[in-house]
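As provided, data08.txt (compact mmCIF, C-alpha atoms and all ligand atoms) reads as follows.
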# COMPACT_ATOMS: atom_id res chain seq x y z
CA MET A 247 65.04 106.77 53.52
CA ILE A 248 62.33 104.32 52.75
CA GLY A 249 62.05 100.55 52.40
CA ALA A 250 65.33 98.63 52.35
CA GLU A 251 67.48 101.60 53.37
CA ALA A 252 65.26 102.45 56.34
CA LEU A 253 65.33 98.78 57.30
CA GLY A 254 69.12 98.84 57.02
CA MET A 255 69.26 101.81 59.38
CA SER A 256 67.05 100.07 61.94
CA ASN A 257 69.13 96.89 61.67
CA ALA A 258 72.36 98.86 62.12
CA GLU A 259 70.97 100.68 65.15
CA ALA A 260 69.62 97.49 66.67
CA ALA A 261 72.97 95.70 66.23
CA ALA A 262 74.89 98.63 67.72
CA ARG A 263 72.52 98.80 70.70
CA GLU A 264 72.80 95.05 71.26
CA ILE A 265 76.60 95.16 71.22
CA ALA A 266 76.67 98.22 73.51
CA LEU A 267 74.39 96.46 76.02
CA ARG A 268 76.51 93.31 75.92
CA HIS A 269 79.52 95.46 76.86
CA ASN A 270 77.54 96.93 79.76
CA PHE A 271 76.99 100.42 78.33
CA THR A 272 73.98 102.44 79.46
CA GLU A 273 71.96 104.82 77.35
CA ILE A 274 72.14 108.60 77.49
CA ARG A 275 69.72 110.93 75.71
CA ILE A 276 71.23 114.21 74.62
CA PRO A 277 69.65 117.29 73.03
CA ALA A 278 69.88 118.01 69.30
CA LEU A 279 70.20 121.73 70.06
CA GLU A 280 73.20 123.01 72.03
CA ARG A 281 75.13 126.25 72.41
CA VAL A 282 77.54 127.01 69.57
CA GLU A 283 80.21 127.57 72.20
CA LEU A 284 80.07 123.90 73.23
CA PHE A 285 81.15 122.72 69.79
CA ALA A 286 83.65 125.55 69.29
CA ARG A 287 85.40 124.51 72.51
CA SER A 288 85.37 120.75 71.90
CA THR A 289 85.00 119.78 68.25
CA GLY A 290 87.32 122.72 67.64
CA GLU A 291 87.17 126.16 66.10
CA THR A 292 89.56 125.18 63.34
CA SER A 293 87.73 121.95 62.42
CA ASP A 294 85.74 121.98 59.17
CA VAL A 295 82.72 120.84 61.13
CA VAL A 296 82.61 123.98 63.28
CA GLU A 297 84.17 126.41 60.83
CA LYS A 298 82.01 125.58 57.81
CA GLN A 299 79.38 122.96 58.47
CA MET A 300 77.42 123.90 61.55
CA TYR A 301 73.77 124.95 61.33
CA SER A 302 73.80 127.78 63.84
CA PHE A 303 71.53 130.69 64.62
CA LEU A 304 70.80 133.26 67.30
CA ASP A 305 68.09 132.22 69.70
CA ARG A 306 65.46 134.90 70.25
CA ASP A 307 65.92 134.76 74.02
CA GLU A 308 67.06 137.83 75.93
CA ALA A 309 70.71 136.93 75.80
CA GLU A 310 70.49 136.11 72.09
CA THR A 311 72.35 132.88 72.71
CA ALA A 312 74.10 131.41 69.68
CA VAL A 313 72.81 127.84 69.31
CA ALA A 314 73.50 125.07 66.81
CA LEU A 315 71.99 121.80 65.64
CA ARG A 316 74.54 119.28 66.91
CA PRO A 317 77.07 118.29 64.24
CA GLU A 318 78.16 115.31 66.37
CA GLY A 319 77.28 113.67 69.68
CA THR A 320 80.47 113.60 71.73
CA PRO A 321 80.43 117.23 73.04
CA GLY A 322 76.84 116.91 74.31
CA VAL A 323 77.71 113.70 76.13
CA VAL A 324 80.77 115.31 77.73
CA ARG A 325 78.69 118.33 78.77
CA ALA A 326 75.98 116.13 80.31
CA TYR A 327 78.60 113.98 82.06
CA ILE A 328 80.21 117.03 83.67
CA GLU A 329 76.88 118.70 84.53
CA ALA A 330 75.74 115.54 86.30
CA GLY A 331 78.93 115.71 88.40
CA LEU A 332 79.97 112.23 87.26
CA ASP A 333 83.54 113.34 86.48
CA ARG A 334 84.05 113.64 90.25
CA SER A 335 81.47 111.31 91.83
CA ALA A 336 81.67 108.28 89.47
CA PRO A 337 84.16 109.03 86.70
CA GLU A 338 84.13 105.59 85.10
CA GLN A 339 81.12 105.51 82.79
CA ARG A 340 80.14 103.69 79.60
CA LEU A 341 77.46 105.48 77.65
CA PHE A 342 75.73 105.09 74.28
CA TYR A 343 73.40 107.37 72.34
CA SER A 344 71.68 107.56 69.03
CA GLY A 345 69.99 110.20 66.92
CA PRO A 346 70.19 112.71 64.08
CA VAL A 347 73.15 115.05 63.57
CA PHE A 348 73.51 117.91 61.11
CA ARG A 349 76.38 119.13 58.95
CA ARG A 350 76.23 121.55 56.04
CA GLU A 351 78.17 119.37 53.63
CA ARG A 352 77.94 119.02 49.87
CA PRO A 353 75.35 116.24 49.70
CA GLN A 354 76.14 113.08 47.74
CA ARG A 355 75.52 109.38 48.16
CA GLY A 356 76.49 108.53 51.74
CA ARG A 357 77.02 112.17 52.71
CA TYR A 358 73.97 113.99 53.97
CA ARG A 359 73.14 117.21 55.77
CA GLN A 360 71.02 115.33 58.26
CA PHE A 361 72.30 111.89 59.11
CA TYR A 362 72.15 109.50 62.05
CA GLN A 363 74.86 108.52 64.43
CA PHE A 364 75.03 105.79 67.04
CA GLY A 365 77.84 106.64 69.42
CA VAL A 366 79.58 105.09 72.40
CA GLU A 367 81.77 106.94 74.90
CA VAL A 368 83.83 105.54 77.78
CA PHE A 369 85.05 107.86 80.51
CA GLY A 370 87.68 107.18 83.16
CA ARG A 371 89.64 104.48 81.34
CA ALA A 372 93.06 105.60 80.08
CA ASP A 373 94.37 102.05 79.63
CA PRO A 374 94.99 100.53 76.16
CA ALA A 375 92.74 97.55 76.99
CA CYS A 376 89.82 99.95 76.73
CA ASP A 377 90.89 101.12 73.24
CA ALA A 378 91.07 97.47 72.18
CA GLU A 379 87.60 96.77 73.60
CA ILE A 380 86.20 99.73 71.65
CA LEU A 381 87.75 98.34 68.46
CA VAL A 382 86.26 94.93 69.21
CA MET A 383 82.84 96.56 69.61
CA GLY A 384 83.09 98.25 66.21
CA ASP A 385 84.15 94.98 64.66
CA GLU A 386 81.33 93.10 66.40
CA VAL A 387 78.70 95.53 65.09
CA CYS A 388 79.96 94.97 61.53
CA LYS A 389 80.12 91.19 62.02
CA MET A 390 76.64 91.02 63.51
CA LEU A 391 75.33 92.79 60.40
CA GLY A 392 77.35 90.56 58.06
CA LEU A 393 79.41 93.49 56.81
CA ALA A 394 83.05 93.18 55.76
CA ALA A 395 84.91 96.22 57.11
CA ALA A 396 88.60 96.91 57.67
CA CYS A 397 89.88 98.63 60.79
CA THR A 398 92.47 101.34 60.09
CA ILE A 399 94.31 102.91 62.99
CA ASN A 400 96.86 105.56 63.90
CA SER A 401 98.25 107.30 66.95
CA ILE A 402 98.44 111.05 66.81
CA GLY A 403 100.33 111.40 70.09
CA ASP A 404 99.51 113.49 73.14
CA ALA A 405 100.36 116.82 74.75
CA VAL A 406 103.94 115.60 75.31
CA CYS A 407 104.87 114.55 71.78
CA ARG A 408 102.32 116.26 69.54
CA PRO A 409 103.98 119.74 69.61
CA ALA A 410 107.13 118.42 67.91
CA PHE A 411 105.06 116.58 65.30
CA ARG A 412 102.96 119.67 64.72
CA ALA A 413 106.07 121.80 64.28
CA ALA A 414 107.45 119.30 61.75
CA LEU A 415 104.20 119.47 59.78
CA VAL A 416 104.24 123.27 59.76
CA GLU A 417 107.79 123.18 58.50
CA TRP A 418 106.87 120.64 55.80
CA GLY A 419 103.84 122.76 54.83
CA ARG A 420 105.94 125.89 54.46
CA ALA A 421 108.57 124.06 52.42
CA ASN A 422 105.85 122.74 50.07
CA PHE A 423 103.67 125.86 50.13
CA ASP A 424 103.57 126.38 46.36
CA ARG A 425 102.41 122.83 45.72
CA LEU A 426 99.62 122.83 48.32
CA CYS A 427 95.97 123.74 47.68
CA GLU A 428 94.42 126.93 49.02
CA ASP A 429 92.67 125.17 51.92
CA CYS A 430 96.00 123.69 52.99
CA HIS A 431 97.60 127.15 52.94
CA ASN A 432 95.18 128.07 55.72
CA ARG A 433 95.71 124.77 57.50
CA ILE A 434 99.49 125.23 57.88
CA ASP A 435 99.16 127.50 60.88
CA ARG A 436 95.58 126.93 61.98
CA ASN A 437 95.33 123.14 61.90
CA PRO A 438 98.46 121.55 60.42
CA LEU A 439 97.36 117.95 61.18
CA ARG A 440 94.68 118.35 58.53
CA LEU A 441 97.42 118.72 55.89
CA LEU A 442 97.62 114.95 56.10
CA ASP A 443 94.08 114.04 55.10
CA CYS A 444 93.51 116.66 52.39
CA LYS A 445 91.82 114.97 49.44
CA ILE A 446 93.41 117.33 46.90
CA ASP A 447 96.97 117.05 48.17
CA ALA A 448 96.80 113.34 49.00
CA LYS A 449 99.75 112.41 46.79
CA LEU A 450 101.98 115.16 48.16
CA ALA A 451 100.95 114.30 51.75
CA GLU A 452 102.64 110.94 51.35
CA SER A 453 105.96 112.77 51.79
CA ALA A 454 104.76 114.58 54.96
CA PRO A 455 106.10 113.66 58.40
CA SER A 456 104.35 110.73 60.10
CA SER A 457 103.03 111.05 63.66
CA LEU A 458 104.38 107.58 64.44
CA ASP A 459 107.96 108.88 64.08
CA TYR A 460 107.30 111.47 66.80
CA LEU A 461 105.50 109.42 69.46
CA CYS A 462 106.88 109.62 72.99
CA ASP A 463 107.62 106.33 74.78
CA ASP A 464 104.25 106.29 76.60
CA CYS A 465 102.25 106.91 73.41
CA ARG A 466 104.27 104.34 71.48
CA SER A 467 103.80 101.65 74.10
CA HIS A 468 100.06 102.51 74.38
CA PHE A 469 99.66 102.18 70.61
CA GLU A 470 101.52 98.88 70.45
CA THR A 471 99.46 97.41 73.28
CA VAL A 472 96.18 98.52 71.69
CA ARG A 473 97.12 96.75 68.46
CA ARG A 474 98.39 93.63 70.24
CA LEU A 475 95.22 93.28 72.36
CA ALA A 476 92.97 93.96 69.37
CA THR A 477 94.78 91.27 67.36
CA ALA A 478 94.48 88.84 70.28
CA ALA A 479 90.73 89.46 70.30
CA GLY A 480 90.47 88.85 66.55
CA VAL A 481 90.51 92.41 65.16
CA GLU A 482 93.25 92.98 62.59
CA THR A 483 94.27 96.65 62.49
CA THR A 484 96.06 98.32 59.58
CA ILE A 485 98.12 101.41 60.27
CA ASN A 486 97.27 104.47 58.21
CA PRO A 487 99.82 107.14 59.19
CA ARG A 488 97.71 109.82 57.50
CA LEU A 489 94.63 109.11 59.59
CA VAL A 490 94.22 112.21 61.77
CA ARG A 491 90.38 112.58 61.93
CA GLY A 492 88.67 115.91 61.43
CA LEU A 493 87.80 116.79 65.01
CA ASP A 494 90.25 118.61 67.26
CA TYR A 495 89.90 116.71 70.52
CA TYR A 496 91.64 113.46 69.65
CA THR A 497 94.77 112.20 71.41
CA ARG A 498 96.67 108.98 70.84
CA THR A 499 94.41 106.37 69.20
CA ALA A 500 92.43 107.40 66.11
CA PHE A 501 90.64 104.77 64.03
CA GLU A 502 88.10 104.18 61.27
CA PHE A 503 86.25 101.16 59.96
CA ILE A 504 86.06 101.17 56.18
CA ALA A 505 83.35 99.10 54.48
CA GLU A 506 84.09 97.21 51.31
CA GLY A 507 82.28 98.11 48.10
CA LEU A 508 81.00 101.55 49.10
CA GLY A 509 83.14 103.89 46.97
CA ALA A 510 83.93 107.38 48.22
CA GLN A 511 81.95 107.57 51.47
CA SER A 512 83.05 104.23 52.86
CA THR A 513 83.95 105.12 56.45
CA VAL A 514 81.15 103.61 58.47
CA ILE A 515 82.67 104.09 61.95
CA GLY A 516 85.07 106.76 63.17
CA GLY A 517 86.45 107.34 66.61
CA GLY A 518 89.35 107.73 68.94
CA ARG A 519 90.69 108.74 72.32
CA TYR A 520 90.16 112.24 73.75
CA ASP A 521 91.94 112.27 77.10
CA GLY A 522 92.11 116.05 77.59
CA LEU A 523 88.56 116.91 76.58
CA VAL A 524 86.64 116.57 79.86
CA GLU A 525 89.16 118.79 81.62
CA ALA A 526 89.20 121.32 78.76
CA MET A 527 85.41 121.53 79.10
CA GLY A 528 85.66 122.44 82.78
CA GLY A 529 85.53 118.95 84.33
CA ALA A 530 88.09 116.83 86.15
CA ALA A 531 91.07 115.30 84.35
CA VAL A 532 89.25 112.18 83.11
CA ALA A 533 90.23 110.11 80.08
CA GLY A 534 87.76 109.47 77.28
CA ILE A 535 87.40 107.32 74.18
CA GLY A 536 84.56 106.43 71.81
CA PHE A 537 83.27 106.11 68.30
CA GLY A 538 80.39 107.21 66.11
CA ILE A 539 78.70 104.90 63.63
CA GLY A 540 77.28 106.52 60.49
CA ILE A 541 73.95 104.72 60.49
CA ASP A 542 72.92 105.90 57.01
CA ARG A 543 76.22 104.79 55.53
CA MET A 544 76.01 101.49 57.33
CA ALA A 545 72.61 100.95 55.67
CA LEU A 546 74.10 101.71 52.24
CA ALA A 547 76.93 99.30 52.94
CA LEU A 548 74.46 96.58 53.95
CA GLU A 549 72.51 97.12 50.75
CA ALA A 550 75.70 96.99 48.65
CA ALA A 551 76.73 93.80 50.44
CA LYS A 552 73.26 92.31 49.87
CA GLN A 553 72.80 91.90 53.60
CA LEU A 554 69.27 93.27 53.61
CA ARG A 555 66.50 90.80 53.14
CA PRO A 556 63.16 92.49 52.47
CA THR A 557 60.72 91.63 55.21
CA MET A 558 57.83 89.49 54.03
CA PRO A 559 54.71 88.71 56.01
CA ASP A 560 54.31 85.18 57.33
CA ALA A 561 50.75 85.33 56.10
CA VAL A 562 47.99 87.60 54.90
CA MET A 563 44.45 87.21 56.19
CA ILE A 564 41.48 87.37 53.90
CA MET A 565 38.07 87.61 55.53
CA LEU A 566 35.00 87.09 53.40
CA GLY A 567 31.81 88.63 54.84
CA ASP A 568 31.01 90.78 57.86
CA LYS A 569 30.97 88.03 60.48
CA ALA A 570 34.30 86.62 59.30
CA LEU A 571 35.74 90.15 59.33
CA ALA A 572 34.91 90.71 63.01
CA HIS A 573 36.21 87.29 64.00
CA GLY A 574 39.33 87.64 61.83
CA ALA A 575 40.38 90.85 63.60
CA ALA A 576 40.49 88.98 66.93
CA LEU A 577 42.26 86.01 65.37
CA ALA A 578 44.90 88.30 63.82
CA ARG A 579 45.53 89.71 67.26
CA THR A 580 46.31 86.31 68.73
CA LEU A 581 48.66 85.57 65.81
CA HIS A 582 50.47 88.89 66.32
CA ARG A 583 50.97 87.92 69.95
CA GLU A 584 52.68 84.76 68.71
CA ARG A 585 55.18 87.11 67.00
CA LEU A 586 53.93 86.23 63.55
CA ARG A 587 54.04 88.90 60.87
CA ILE A 588 50.48 89.13 59.56
CA GLU A 589 48.80 91.69 57.30
CA THR A 590 45.02 91.68 57.13
CA LEU A 591 43.77 92.61 53.68
CA SER A 592 40.95 94.93 52.66
CA PRO A 593 37.44 93.44 52.97
CA GLU A 594 36.35 95.58 50.04
CA ARG A 595 38.16 93.73 47.29
CA LYS A 596 37.46 90.44 45.50
CA LEU A 597 39.26 87.22 46.38
CA LYS A 598 41.25 87.19 43.11
CA ALA A 599 42.58 90.73 43.69
CA LEU A 600 43.42 89.86 47.29
CA LEU A 601 45.43 86.79 46.28
CA ALA A 602 47.31 88.93 43.76
CA ARG A 603 48.04 91.39 46.57
CA ALA A 604 49.28 88.55 48.82
CA ASP A 605 51.62 87.48 46.04
CA LYS A 606 52.96 90.99 45.63
CA LEU A 607 53.66 91.22 49.36
CA GLY A 608 55.67 88.00 49.11
CA ALA A 609 53.55 86.29 51.78
CA ARG A 610 54.12 82.56 52.17
CA PHE A 611 50.52 81.86 53.21
CA ALA A 612 47.05 83.26 52.80
CA VAL A 613 44.62 82.52 55.63
CA ILE A 614 41.09 82.61 54.23
CA ILE A 615 38.00 82.70 56.44
CA GLY A 616 34.41 82.68 55.13
CA GLU A 617 31.06 82.09 56.86
CA ASP A 618 31.40 78.32 56.52
CA GLU A 619 34.92 78.19 58.03
CA LEU A 620 33.78 80.47 60.82
CA ALA A 621 30.93 78.14 61.74
CA ARG A 622 33.26 75.15 61.91
CA GLY A 623 36.18 76.84 63.71
CA VAL A 624 38.59 76.27 60.84
CA VAL A 625 40.43 78.35 58.21
CA GLN A 626 41.63 77.65 54.69
CA LEU A 627 45.42 77.81 54.68
CA ARG A 628 46.74 78.41 51.19
CA ASP A 629 50.47 77.91 50.59
CA LEU A 630 51.20 80.57 48.01
CA THR A 631 54.57 79.14 47.01
CA LEU A 632 53.36 75.58 46.46
CA GLY A 633 49.87 76.60 45.30
CA LYS A 634 48.26 74.08 47.71
CA GLN A 635 45.37 74.67 50.08
CA ARG A 636 44.29 72.76 53.17
CA GLU A 637 41.89 73.16 56.03
CA VAL A 638 43.39 73.85 59.46
CA ALA A 639 41.68 74.15 62.84
CA GLU A 640 41.94 77.68 64.20
CA SER A 641 43.61 76.34 67.31
CA GLU A 642 46.38 74.83 65.13
CA LEU A 643 46.90 77.89 62.93
CA ALA A 644 49.71 79.64 64.81
CA ALA A 645 51.74 76.42 64.93
CA ALA A 646 51.12 75.74 61.21
CA LEU A 647 52.34 79.26 60.31
CA ALA A 648 55.33 79.16 62.64
CA LYS A 649 56.78 75.98 61.17
CA SER A 650 56.29 77.19 57.63
CA ASP A 651 59.84 76.34 56.54
P1 LIG A 701 82.90 111.48 62.67
O1 LIG A 701 83.98 110.68 62.02
O2 LIG A 701 82.84 112.91 62.32
O3 LIG A 701 83.09 111.29 64.23
O4 LIG A 701 81.50 110.81 62.37
C1 LIG A 701 81.27 109.45 62.65
C2 LIG A 701 80.66 108.76 61.45
O5 LIG A 701 79.48 109.46 61.00
C3 LIG A 701 81.54 108.74 60.21
O6 LIG A 701 82.47 107.68 60.27
C4 LIG A 701 80.52 108.51 59.10
O7 LIG A 701 80.19 107.14 59.00
C5 LIG A 701 79.32 109.27 59.60
N1 LIG A 701 79.19 110.57 58.92
C6 LIG A 701 79.93 111.69 59.09
N2 LIG A 701 79.49 112.69 58.29
C7 LIG A 701 78.45 112.19 57.59
C8 LIG A 701 77.53 112.74 56.61
N3 LIG A 701 77.59 114.01 56.22
N4 LIG A 701 76.58 111.92 56.10
C9 LIG A 701 76.47 110.62 56.51
N5 LIG A 701 77.27 110.07 57.45
C10 LIG A 701 78.25 110.83 57.98
C11 LIG A 701 82.29 111.85 65.18
O8 LIG A 701 81.28 112.45 64.93
C12 LIG A 701 82.76 111.60 66.59
N6 LIG A 701 81.78 112.20 67.52
C13 LIG A 701 82.94 110.12 66.85
C14 LIG A 701 83.47 109.85 68.21
C15 LIG A 701 82.79 109.47 69.30
N7 LIG A 701 84.74 109.98 68.57
C16 LIG A 701 84.85 109.69 69.85
N8 LIG A 701 83.67 109.40 70.32
Rewrite the coordinates I just gave you, this time as structure tokens.
Amino acid sequence: MIGAEALGMSNAEAAAREIALRHNFTEIRIPALERVELFARSTGETSDVVEKQMYSFLDRDEAETAVALRPEGTPGVVRAYIEAGLDRSAPEQRLFYSGPVFRRERPQRGRYRQFYQFGVEVFGRADPACDAEILVMGDEVCKMLGLAAACTINSIGDAVCRPAFRAALVEWGRANFDRLCEDCHNRIDRNPLRLLDCKIDAKLAESAPSSLDYLCDDCRSHFETVRRLATAAGVETTINPRLVRGLDYYTRTAFEFIAEGLGAQSTVIGGGRYDGLVEAMGGAAVAGIGFGIGIDRMALALEAAKQLRPTMPDAVMIMLGDKALAHGAALARTLHRERLRIETLSPERKLKALLARADKLGARFAVIIGEDELARGVVQLRDLTLGKQREVAESELAAALAKSD
């Protein structure tokens, strides 16, 4: 990623960080390399991510530990949370993290083998108000970036009601066996929920059982409250009964934010609740919920939505002669401290070439200093848009550049 796309990624990360801080989340740094076992036990052995997409290898240590480049952030956060003893000493935590993740996928626009995620995780809050707050955060990140994105949501039930739903899916899969693709044949017994989001069998899946018809009273009331509170806070949610998410740990709420105008890889945020995960990983019975933002995809969405303005310098500085060069370096430093975006140009090129360069950079002003200006404590300030030049005292320069529009 270079130029506008890299800028889009930085903007997306900065917005996500800002929103996380406003909601009183604290940062956690997690390793990119973890044991394979961690992901097998959490992301799930039957998930595509673990089964097919993980970059794993045997470490050359004595135990020949099987390690993997993380395919997602949640398991590492859960591991760190338990290892720090927080599940027992201070279970309620709000954490955010950011960094590269790796999945061996078929690369295409918006789907990469190394991509970046910004994630948030909340532990110790089983109440639906927390789900709604998480949805608001996703919505706020999109709004802050000027991105139109729709929030789709589903509830996939919990340990009480999921078994019946799962059984119904297995039964449906067996009844439709001959019409299902080969991958789905394997999914029927191993991971029947994935029958619902198969790209190949999408049409057929419309006739599959819906999780919403199987929810127990607690899950139903949780789901309704999440949607009601989200609506009250200004986030419209649309139910997608086929939204099951590809990772095995989810319970109850599952959601995705879909950006407009992105084509196939349009899910920019995915997340959900994972109430049994901390306990399954050896910790206390603590609820969890979070989301991951696909930073690369967010950048593509921003570009498609024309929300990326290329960054232009406020001014370039052109110093003519050795004395002006030495003085100009110090002057540039004071302007940088005023938060102005200034590029000093090469002293080895002619004025005409330098002005052409300034134009190419899209600078509004050129600040020109020669021996004469230096002696009088002034600069020539050339407005490159209007084509006008005037003399400005050095002491007035920062102010003149700052109120350029
Ligand atoms: P995920 O849906 O697998 O969830 O990934 C989150 C986001 O990462 C996706 O919505 C998408 O924007 C982006 N993404 C996924 N794969 C790729 C790829 N190959 N190339 C580019 N972007 C991609 C998780 O990873 C969960 N850990 C989210 C979570 C946190 N759930 C609860 N807490």
Review point. Pick from A:Glu617, A:Leu284, A:Arg595, A:Ala531: nearest to Ala572 (chain A), with all atoms listed in the file counted?
Key: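 Among the listed residues, A:Glu617 lies closest to Ala572 (chain A).
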**Study point:** Expected selection as a ChimeraX atom specification for ligand LIG 701 (chain A) within 9 Å, all atoms listed in the file
**Key:** /A:289,295,317-321,347-368,491-493,495-496,500,502-504,511-520,534-544
Output C-alpha atoms for every residue in that selection, as an mmCIF file, in the frame of the given file.
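Output below, filename selection-v8.cif:
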data_model
loop_
_atom_site.group_PDB
_atom_site.id
_atom_site.type_symbol
_atom_site.label_atom_id
_atom_site.label_comp_id
_atom_site.auth_asym_id
_atom_site.auth_seq_id
_atom_site.Cartn_x
_atom_site.Cartn_y
_atom_site.Cartn_z
ATOM 1 C CA THR A 289 85.000 119.780 68.250
ATOM 2 C CA VAL A 295 82.720 120.840 61.130
ATOM 3 C CA PRO A 317 77.070 118.290 64.240
ATOM 4 C CA GLU A 318 78.160 115.310 66.370
ATOM 5 C CA GLY A 319 77.280 113.670 69.680
ATOM 6 C CA THR A 320 80.470 113.600 71.730
ATOM 7 C CA PRO A 321 80.430 117.230 73.040
ATOM 8 C CA VAL A 347 73.150 115.050 63.570
ATOM 9 C CA PHE A 348 73.510 117.910 61.110
ATOM 10 C CA ARG A 349 76.380 119.130 58.950
ATOM 11 C CA ARG A 350 76.230 121.550 56.040
ATOM 12 C CA GLU A 351 78.170 119.370 53.630
ATOM 13 C CA ARG A 352 77.940 119.020 49.870
ATOM 14 C CA PRO A 353 75.350 116.240 49.700
ATOM 15 C CA GLN A 354 76.140 113.080 47.740
ATOM 16 C CA ARG A 355 75.520 109.380 48.160
ATOM 17 C CA GLY A 356 76.490 108.530 51.740
ATOM 18 C CA ARG A 357 77.020 112.170 52.710
ATOM 19 C CA TYR A 358 73.970 113.990 53.970
ATOM 20 C CA ARG A 359 73.140 117.210 55.770
ATOM 21 C CA GLN A 360 71.020 115.330 58.260
ATOM 22 C CA PHE A 361 72.300 111.890 59.110
ATOM 23 C CA TYR A 362 72.150 109.500 62.050
ATOM 24 C CA GLN A 363 74.860 108.520 64.430
ATOM 25 C CA PHE A 364 75.030 105.790 67.040
ATOM 26 C CA GLY A 365 77.840 106.640 69.420
ATOM 27 C CA VAL A 366 79.580 105.090 72.400
ATOM 28 C CA GLU A 367 81.770 106.940 74.900
ATOM 29 C CA VAL A 368 83.830 105.540 77.780
ATOM 30 C CA ARG A 491 90.380 112.580 61.930
ATOM 31 C CA GLY A 492 88.670 115.910 61.430
ATOM 32 C CA LEU A 493 87.800 116.790 65.010
ATOM 33 C CA TYR A 495 89.900 116.710 70.520
ATOM 34 C CA TYR A 496 91.640 113.460 69.650
ATOM 35 C CA ALA A 500 92.430 107.400 66.110
ATOM 36 C CA GLU A 502 88.100 104.180 61.270
ATOM 37 C CA PHE A 503 86.250 101.160 59.960
ATOM 38 C CA ILE A 504 86.060 101.170 56.180
ATOM 39 C CA GLN A 511 81.950 107.570 51.470
ATOM 40 C CA SER A 512 83.050 104.230 52.860
ATOM 41 C CA THR A 513 83.950 105.120 56.450
ATOM 42 C CA VAL A 514 81.150 103.610 58.470
ATOM 43 C CA ILE A 515 82.670 104.090 61.950
ATOM 44 C CA GLY A 516 85.070 106.760 63.170
ATOM 45 C CA GLY A 517 86.450 107.340 66.610
ATOM 46 C CA GLY A 518 89.350 107.730 68.940
ATOM 47 C CA ARG A 519 90.690 108.740 72.320
ATOM 48 C CA TYR A 520 90.160 112.240 73.750
ATOM 49 C CA GLY A 534 87.760 109.470 77.280
ATOM 50 C CA ILE A 535 87.400 107.320 74.180
ATOM 51 C CA GLY A 536 84.560 106.430 71.810
ATOM 52 C CA PHE A 537 83.270 106.110 68.300
ATOM 53 C CA GLY A 538 80.390 107.210 66.110
ATOM 54 C CA ILE A 539 78.700 104.900 63.630
ATOM 55 C CA GLY A 540 77.280 106.520 60.490
ATOM 56 C CA ILE A 541 73.950 104.720 60.490
ATOM 57 C CA ASP A 542 72.920 105.900 57.010
ATOM 58 C CA ARG A 543 76.220 104.790 55.530
ATOM 59 C CA MET A 544 76.010 101.490 57.330
#
Check your understanding: Which residue out of A:Leu566, A:Met247, A:Leu415, A:Ile485 has the minimum interatomic distance to Ala451 (chain A) when only C-alpha atoms are used?
Key ->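 Smallest separation from Ala451 (chain A) among the options: A:Leu415.
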**Study point:** One-decimal distance in Å that lies between CA of Ala413 (chain A) and CA of Tyr460 (chain A)
**Key:**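 Taking CA of Tyr460 (chain A) as the start and CA of Ala413 (chain A) as the end point, the length is 10.7 Å.
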Exercise for review: Rank nothing, just name the residue among A:Asp464, A:Asp294, A:Glu310, A:Glu283 nearest to Asp404 (chain A), using all atoms listed in the file.
Suggested key: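 The answer is A:Asp464, which sits nearest to Asp404 (chain A).
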Exercise for review: Quote the spacing between CA of Phe469 (chain A) and CA of Arg498 (chain A) in Å to one decimal place.
Suggested key: 7.4 Å
